$ cat model_22.txt   # compact mmCIF, C-alpha atoms
# COMPACT_ATOMS: atom_id res chain seq x y z
CA ASP Z 563 -7.78 41.38 90.68
CA GLY Z 564 -10.66 39.15 91.73
CA GLY Z 565 -12.70 37.47 89.09
CA ILE Z 566 -13.72 34.35 87.22
CA THR Z 567 -11.40 32.74 84.69
CA GLN Z 568 -12.70 30.42 82.02
CA SER Z 569 -10.43 28.44 79.74
CA PRO Z 570 -9.95 27.81 76.96
CA LYS Z 571 -11.63 30.65 75.09
CA TYR Z 572 -12.24 28.36 72.07
CA LEU Z 573 -12.52 24.58 72.13
CA PHE Z 574 -13.14 22.02 69.42
CA ARG Z 575 -14.56 18.59 70.01
CA LYS Z 576 -14.38 15.55 67.80
CA GLU Z 577 -17.26 13.10 67.56
CA GLY Z 578 -17.37 10.73 70.53
CA GLN Z 579 -14.92 12.78 72.55
CA ASN Z 580 -15.34 14.15 76.06
CA VAL Z 581 -14.04 17.66 76.68
CA THR Z 582 -13.65 19.62 79.91
CA LEU Z 583 -14.19 23.35 80.32
CA SER Z 584 -12.36 25.03 83.15
CA CYS Z 585 -13.82 27.61 85.53
CA GLU Z 586 -11.80 29.11 88.39
CA GLN Z 587 -12.79 31.96 90.71
CA ASN Z 588 -10.84 33.87 93.36
CA LEU Z 589 -13.81 35.78 94.73
CA ASN Z 590 -14.30 33.39 97.66
CA HIS Z 591 -17.83 32.68 96.42
CA ASP Z 592 -19.65 29.60 97.62
CA ALA Z 593 -22.08 29.26 94.71
CA MET Z 594 -21.02 28.48 91.14
CA TYR Z 595 -23.06 27.94 87.98
CA TRP Z 596 -22.74 26.75 84.38
CA TYR Z 597 -24.95 28.21 81.68
CA ARG Z 598 -25.25 27.41 78.00
CA GLN Z 599 -26.04 30.11 75.43
CA ASP Z 600 -27.32 29.33 71.94
CA PRO Z 601 -28.00 31.95 69.24
CA GLY Z 602 -31.45 33.48 69.64
CA GLN Z 603 -31.92 31.90 73.03
CA GLY Z 604 -31.28 33.07 76.51
CA LEU Z 605 -28.94 31.43 78.96
CA ARG Z 606 -29.99 28.00 80.15
CA LEU Z 607 -28.73 26.49 83.39
CA ILE Z 608 -26.76 23.24 83.12
CA TYR Z 609 -25.53 22.64 86.68
CA TYR Z 610 -25.04 24.65 89.83
CA SER Z 611 -23.25 24.16 93.11
CA GLN Z 612 -24.00 25.92 96.40
CA ILE Z 613 -21.11 24.42 98.33
CA VAL Z 614 -18.04 22.25 97.91
CA ASN Z 615 -18.76 18.56 97.17
CA ASP Z 616 -22.38 19.28 96.32
CA PHE Z 617 -24.09 20.18 93.04
CA GLN Z 618 -27.54 20.07 91.48
CA LYS Z 619 -28.81 19.57 87.95
CA GLY Z 620 -30.19 22.55 86.14
CA ASP Z 621 -32.65 22.59 83.27
CA ILE Z 622 -30.46 20.93 80.63
CA ALA Z 623 -28.03 18.65 82.50
CA GLU Z 624 -28.23 15.65 80.15
CA GLY Z 625 -24.90 14.97 78.46
CA TYR Z 626 -22.92 17.05 80.96
CA SER Z 627 -21.12 16.34 84.22
CA VAL Z 628 -19.47 18.51 86.86
CA SER Z 629 -17.38 18.26 90.03
CA ARG Z 630 -16.82 20.63 92.92
CA GLU Z 631 -13.81 19.37 94.85
CA LYS Z 632 -12.49 22.84 95.63
CA LYS Z 633 -14.31 26.06 96.40
CA GLU Z 634 -12.43 27.86 93.66
CA SER Z 635 -13.06 25.39 90.83
CA PHE Z 636 -16.13 24.08 89.04
CA PRO Z 637 -15.13 22.24 85.82
CA LEU Z 638 -17.74 21.17 83.29
CA THR Z 639 -17.32 18.04 81.18
CA VAL Z 640 -19.24 17.82 77.92
CA THR Z 641 -19.60 14.10 77.30
CA SER Z 642 -20.14 12.22 74.05
CA ALA Z 643 -23.77 11.79 75.11
CA GLN Z 644 -24.36 15.50 74.41
CA LYS Z 645 -25.32 15.31 70.75
CA ASN Z 646 -25.49 19.05 70.10
CA PRO Z 647 -22.65 20.57 72.10
CA THR Z 648 -21.90 23.56 69.89
CA ALA Z 649 -22.66 26.60 72.05
CA PHE Z 650 -21.19 29.37 74.15
CA TYR Z 651 -20.66 28.27 77.76
CA LEU Z 652 -20.67 30.73 80.63
CA CYS Z 653 -19.54 30.09 84.18
CA ALA Z 654 -20.75 32.29 87.03
CA SER Z 655 -20.38 32.60 90.77
CA SER Z 656 -22.05 34.43 93.64
CA ILE Z 657 -22.08 34.74 97.39
CA ARG Z 658 -24.86 32.89 99.16
CA VAL Z 659 -26.96 35.88 100.06
CA LEU Z 660 -30.55 36.13 98.99
CA GLY Z 661 -30.92 37.94 95.70
CA GLU Z 662 -27.22 38.62 95.24
CA LYS Z 663 -26.02 39.11 91.67
CA LEU Z 664 -24.01 36.61 89.68
CA PHE Z 665 -20.51 37.39 88.44
CA PHE Z 666 -19.76 35.88 85.02
CA GLY Z 667 -16.62 34.65 83.32
CA SER Z 668 -15.74 35.56 79.74
CA GLY Z 669 -17.03 32.29 78.31
CA THR Z 670 -15.86 29.34 76.21
CA GLN Z 671 -17.04 28.77 72.64
CA LEU Z 672 -17.29 25.04 71.98
CA SER Z 673 -17.57 23.76 68.42
CA VAL Z 674 -17.77 20.31 66.91
CA LEU Z 675 -15.25 19.31 64.25
CA ALA S 999 -41.50 26.83 86.94
CA GLN S 1000 -40.68 30.44 86.29
CA THR S 1001 -40.67 31.82 82.75
CA VAL S 1002 -39.29 35.11 81.50
CA THR S 1003 -40.48 36.62 78.21
CA GLN S 1004 -38.79 39.33 76.18
CA SER S 1005 -41.02 40.04 73.20
CA GLN S 1006 -38.68 42.37 71.33
CA PRO S 1007 -35.89 40.36 69.62
CA GLU S 1008 -34.29 43.49 68.17
CA MET S 1009 -34.53 47.25 68.66
CA SER S 1010 -32.63 50.24 67.40
CA VAL S 1011 -32.60 53.87 68.47
CA GLN S 1012 -30.72 57.04 67.62
CA GLU S 1013 -27.92 58.09 69.91
CA ALA S 1014 -29.09 60.35 72.78
CA GLU S 1015 -32.67 59.11 72.54
CA THR S 1016 -34.54 57.09 75.16
CA VAL S 1017 -35.44 53.45 74.66
CA THR S 1018 -37.51 51.00 76.70
CA LEU S 1019 -37.00 47.23 76.65
CA SER S 1020 -39.88 45.10 77.86
CA CYS S 1021 -39.88 42.00 80.03
CA THR S 1022 -42.68 39.96 81.54
CA TYR S 1023 -42.42 36.98 83.83
CA ASP S 1024 -44.63 34.32 85.28
CA THR S 1025 -44.37 33.18 88.88
CA SER S 1026 -46.50 32.23 91.84
CA GLU S 1027 -43.87 33.48 94.26
CA ASN S 1028 -44.33 36.66 96.26
CA ASN S 1029 -40.71 37.31 97.13
CA TYR S 1030 -38.17 37.33 94.29
CA TYR S 1031 -35.55 39.39 92.49
CA LEU S 1032 -35.34 40.70 88.96
CA PHE S 1033 -32.25 41.65 87.00
CA TRP S 1034 -31.22 43.19 83.71
CA TYR S 1035 -27.91 42.00 82.30
CA LYS S 1036 -26.06 43.46 79.33
CA GLN S 1037 -23.95 41.38 76.95
CA PRO S 1038 -21.84 43.55 74.60
CA PRO S 1039 -20.03 42.13 71.56
CA SER S 1040 -17.25 40.95 73.90
CA ARG S 1041 -19.88 38.51 75.24
CA GLN S 1042 -19.06 39.41 78.84
CA MET S 1043 -22.24 39.48 80.97
CA ILE S 1044 -22.54 42.70 82.93
CA LEU S 1045 -25.18 43.51 85.55
CA VAL S 1046 -27.13 46.63 84.65
CA ILE S 1047 -29.73 46.87 87.40
CA ARG S 1048 -31.44 44.82 90.10
CA GLN S 1049 -34.90 45.03 91.72
CA GLU S 1050 -36.27 43.38 94.84
CA ALA S 1051 -39.94 42.44 94.46
CA TYR S 1052 -40.81 43.60 97.97
CA LYS S 1053 -39.66 47.15 97.18
CA GLN S 1054 -42.25 49.32 95.50
CA GLN S 1055 -39.71 51.93 94.50
CA ASN S 1056 -38.27 51.43 91.04
CA ALA S 1057 -34.50 50.87 90.90
CA THR S 1058 -32.29 53.38 89.08
CA GLU S 1059 -28.61 53.33 88.11
CA ASN S 1060 -27.52 56.53 86.41
CA ARG S 1061 -29.09 56.46 82.91
CA PHE S 1062 -30.79 53.12 83.54
CA SER S 1063 -34.12 52.76 85.34
CA VAL S 1064 -36.84 50.17 85.57
CA ASN S 1065 -40.62 50.23 85.60
CA PHE S 1066 -41.56 47.41 87.93
CA GLN S 1067 -45.26 46.50 87.90
CA LYS S 1068 -45.64 43.57 90.30
CA ALA S 1069 -49.33 42.92 89.73
CA ALA S 1070 -48.81 42.89 85.97
CA LYS S 1071 -45.57 40.89 86.34
CA SER S 1072 -43.78 43.39 84.16
CA PHE S 1073 -40.20 44.64 84.46
CA SER S 1074 -39.16 47.04 81.70
CA LEU S 1075 -35.77 48.73 81.35
CA LYS S 1076 -35.48 52.37 80.29
CA ILE S 1077 -32.21 53.69 78.93
CA SER S 1078 -32.04 57.48 78.80
CA ASP S 1079 -29.62 59.52 76.71
CA SER S 1080 -28.51 56.34 74.92
CA GLN S 1081 -24.84 56.02 74.01
CA LEU S 1082 -23.00 53.96 71.39
CA GLY S 1083 -21.57 51.83 74.19
CA ASP S 1084 -25.10 50.72 75.07
CA THR S 1085 -25.18 48.59 71.92
CA ALA S 1086 -25.53 45.03 73.27
CA MET S 1087 -27.84 42.12 73.97
CA TYR S 1088 -29.97 42.78 77.04
CA PHE S 1089 -31.29 39.92 79.12
CA CYS S 1090 -34.02 40.07 81.73
CA ALA S 1091 -33.61 37.51 84.52
CA PHE S 1092 -35.65 36.23 87.46
CA MET S 1093 -34.44 34.78 90.76
CA LYS S 1094 -36.45 33.39 93.62
CA PRO S 1095 -34.73 32.76 96.95
CA SER S 1096 -34.32 29.30 98.41
CA ASN S 1097 -33.55 27.98 101.86
CA PHE S 1098 -29.95 27.43 100.79
CA GLY S 1099 -29.19 30.98 99.70
CA ASN S 1100 -29.21 31.87 96.06
CA GLU S 1101 -31.61 30.24 93.69
CA LYS S 1102 -30.80 29.87 90.04
CA LEU S 1103 -31.35 32.73 87.60
CA THR S 1104 -33.90 32.16 84.83
CA PHE S 1105 -33.19 34.26 81.73
CA GLY S 1106 -35.32 35.61 78.92
CA THR S 1107 -34.26 35.19 75.29
CA GLY S 1108 -32.81 38.67 75.07
CA THR S 1109 -33.27 41.90 73.10
CA ARG S 1110 -30.56 42.99 70.69
CA LEU S 1111 -30.24 46.78 71.04
CA THR S 1112 -28.39 48.86 68.47
CA ILE S 1113 -27.60 52.52 69.07
CA ILE S 1114 -27.34 54.38 65.78
CA PRO S 1115 -24.84 57.27 65.55
$ encode --input "model_22.txt" --output "structure tokens"
Amino acid sequence: DGGITQSPKYLFRKEGQNVTLSCEQNLNHDAMYWYRQDPGQGLRLIYYSQIVNDFQKGDIAEGYSVSREKKESFPLTVTSAQKNPTAFYLCASSIRVLGEKLFFGSGTQLSVL
Amino acid sequence: AQTVTQSQPEMSVQEAETVTLSCTYDTSENNYYLFWYKQPPSRQMILVIRQEAYKQQNATENRFSVNFQKAAKSFSLKISDSQLGDTAMYFCAFMKPSNFGNEKLTFGTGTRLTIIP
């Protein structure tokens, strides 16, 4: 079955530690996205990538980094510079057609120890 | 920058009744797309319905329909014959096209809908 796989489902970070969230898709989609969801707020865009080896900052990119070395994979690193990392992180992908919907993964809940 | 406003943080309705969730947005664009996504307790985001701004006809998907008022920049979602499985967070989202294909989605803060048995 085609879809988007995010791992792990739950992740804990210690102070000063970098952690990486995995996102893999087998939908053959060119575009991939990372969103952050906090309680009482909508989804906010962290980074997005329209094509391999290219990515753009979203609205809240500070303290995060990404790479897009393969079409299927778009990992997100939460660095120690992100002072409030506790949130639910959603990865999404889509084909590059105007107005096409986004497909979402099942998310990763990141908490600080 | 585009903004999306959902003014109803929470709503509840009896099973089998009809409920309308409101959404307004702010943009200077003429061509764009609007979406309603559902997030049930599993937290999986599921597309409910999609509307192209250049189409005057309101989109419908079974029990779900929208009232799209372009001049008023309003995009409400109507759920008819509500079911227990409709209990979820509902997010309104806006997308404007770019030269590269898809543009990013901008989301509202969501409405938590509870269907009461």
$ interface_residues --input "model_22.txt" --of "chain Z" --to "chain S" --cutoff "10 Å" --atoms "all atoms listed in the file" --output "count of residues only"
38
$ residues_around --input "model_22.txt" --residues "Ala1086 in chain S" --least-positions-apart "3" --cutoff "8 Å" --atoms "all atoms listed in the file" --output "mmCIF file with C-alpha atoms, keeping the file's coordinate frame"
data_model
loop_
_atom_site.group_PDB
_atom_site.id
_atom_site.type_symbol
_atom_site.label_atom_id
_atom_site.label_comp_id
_atom_site.auth_asym_id
_atom_site.auth_seq_id
_atom_site.Cartn_x
_atom_site.Cartn_y
_atom_site.Cartn_z
ATOM 1 C CA LYS S 1036 -26.060 43.460 79.330
ATOM 2 C CA GLN S 1037 -23.950 41.380 76.950
ATOM 3 C CA PRO S 1038 -21.840 43.550 74.600
ATOM 4 C CA PRO S 1039 -20.030 42.130 71.560
ATOM 5 C CA GLY S 1083 -21.570 51.830 74.190
ATOM 6 C CA ARG S 1110 -30.560 42.990 70.690
ATOM 7 C CA LEU S 1111 -30.240 46.780 71.040
ATOM 8 C CA THR S 1112 -28.390 48.860 68.470
#
$ residues_around --input "model_22.txt" --residues "range 630-635 of chain Z" --least-positions-apart "2" --cutoff "9 Å" --atoms "all atoms listed in the file" --output "ChimeraX atom specification"
/Z:584-594,611,613-617,628,637
$ residues_around --input "model_22.txt" --residues "Ser1074 in chain S" --least-positions-apart "6" --cutoff "7 Å" --atoms "only C-alpha atoms" --output "ChimeraX atom specification"
/S:1018-1021,1064-1066
$ atom_distance --input "model_22.txt" --atom1 "CA of Gln1000 in chain S" --atom2 "CA of Ala1070 in chain S"
14.9 Å
$ closest_residue --input "model_22.txt" --among "S:Gln1012, S:Ser1026, S:Glu1059, S:Ile1113" --to "Met1087 in chain S" --atoms "only C-alpha atoms"
S:Ile1113
$ atom_distance --input "model_22.txt" --atom1 "CA of Ala643 in chain Z" --atom2 "CA of Tyr626 in chain Z"
7.9 Å
$ atom_distance --input "model_22.txt" --atom1 "CA of Pro647 in chain Z" --atom2 "CA of Gln1006 in chain S"
27.1 Å
$ closest_residue --input "model_22.txt" --among "Z:Lys619, Z:Thr582, Z:Ile566, Z:Val674" --to "Lys645 in chain Z" --atoms "all atoms listed in the file"
Z:Val674
$ closest_residue --input "model_22.txt" --among "Z:Asn580, Z:Trp596, Z:Ser629, Z:Gln671" --to "Gln644 in chain Z" --atoms "all atoms listed in the file"
Z:Asn580
$ decode --input "model_22.txt" --residues "range 1081-1094 of chain S" --atoms "N, CA and C atoms" --output "PDB file, in the first residue's frame"
ATOM      1  N   GLN S1081     -22.756  11.985  12.170  1.00  0.00           N
ATOM      2  CA  GLN S1081     -22.534  10.660  12.727  1.00  0.00           C
ATOM      3  C   GLN S1081     -21.458  10.721  13.809  1.00  0.00           C
ATOM      4  N   LEU S1082     -21.448   9.714  14.673  1.00  0.00           N
ATOM      5  CA  LEU S1082     -20.469   9.701  15.771  1.00  0.00           C
ATOM      6  C   LEU S1082     -19.046   9.748  15.230  1.00  0.00           C
ATOM      7  N   GLY S1083     -18.823   9.142  14.084  1.00  0.00           N
ATOM      8  CA  GLY S1083     -17.495   9.135  13.484  1.00  0.00           C
ATOM      9  C   GLY S1083     -17.055  10.496  12.962  1.00  0.00           C
ATOM     10  N   ASP S1084     -17.946  11.465  12.967  1.00  0.00           N
ATOM     11  CA  ASP S1084     -17.573  12.822  12.553  1.00  0.00           C
ATOM     12  C   ASP S1084     -16.895  13.587  13.682  1.00  0.00           C
ATOM     13  N   THR S1085     -16.900  13.037  14.883  1.00  0.00           N
ATOM     14  CA  THR S1085     -16.220  13.681  16.007  1.00  0.00           C
ATOM     15  C   THR S1085     -14.734  13.803  15.696  1.00  0.00           C
ATOM     16  N   ALA S1086     -14.226  15.040  15.671  1.00  0.00           N
ATOM     17  CA  ALA S1086     -12.838  15.291  15.258  1.00  0.00           C
ATOM     18  C   ALA S1086     -12.543  16.782  15.347  1.00  0.00           C
ATOM     19  N   MET S1087     -11.272  17.108  15.158  1.00  0.00           N
ATOM     20  CA  MET S1087     -10.870  18.498  14.892  1.00  0.00           C
ATOM     21  C   MET S1087     -11.007  18.722  13.389  1.00  0.00           C
ATOM     22  N   TYR S1088     -11.542  19.884  13.023  1.00  0.00           N
ATOM     23  CA  TYR S1088     -11.675  20.225  11.613  1.00  0.00           C
ATOM     24  C   TYR S1088     -10.862  21.489  11.332  1.00  0.00           C
ATOM     25  N   PHE S1089     -10.013  21.370  10.324  1.00  0.00           N
ATOM     26  CA  PHE S1089      -9.142  22.485   9.954  1.00  0.00           C
ATOM     27  C   PHE S1089      -9.498  22.986   8.563  1.00  0.00           C
ATOM     28  N   CYS S1090      -9.629  24.296   8.465  1.00  0.00           N
ATOM     29  CA  CYS S1090      -9.775  24.967   7.178  1.00  0.00           C
ATOM     30  C   CYS S1090      -8.368  25.328   6.696  1.00  0.00           C
ATOM     31  N   ALA S1091      -8.111  25.215   5.409  1.00  0.00           N
ATOM     32  CA  ALA S1091      -6.777  25.497   4.896  1.00  0.00           C
ATOM     33  C   ALA S1091      -6.858  26.188   3.546  1.00  0.00           C
ATOM     34  N   PHE S1092      -5.848  27.033   3.279  1.00  0.00           N
ATOM     35  CA  PHE S1092      -5.789  27.858   2.074  1.00  0.00           C
ATOM     36  C   PHE S1092      -4.508  27.538   1.318  1.00  0.00           C
ATOM     37  N   MET S1093      -4.606  27.454  -0.011  1.00  0.00           N
ATOM     38  CA  MET S1093      -3.425  27.239  -0.838  1.00  0.00           C
ATOM     39  C   MET S1093      -3.493  28.129  -2.059  1.00  0.00           C
ATOM     40  N   LYS S1094      -2.418  28.854  -2.311  1.00  0.00           N
ATOM     41  CA  LYS S1094      -2.347  29.607  -3.563  1.00  0.00           C
ATOM     42  C   LYS S1094      -1.290  28.965  -4.443  1.00  0.00           C
TER      43      LYS S1094
END
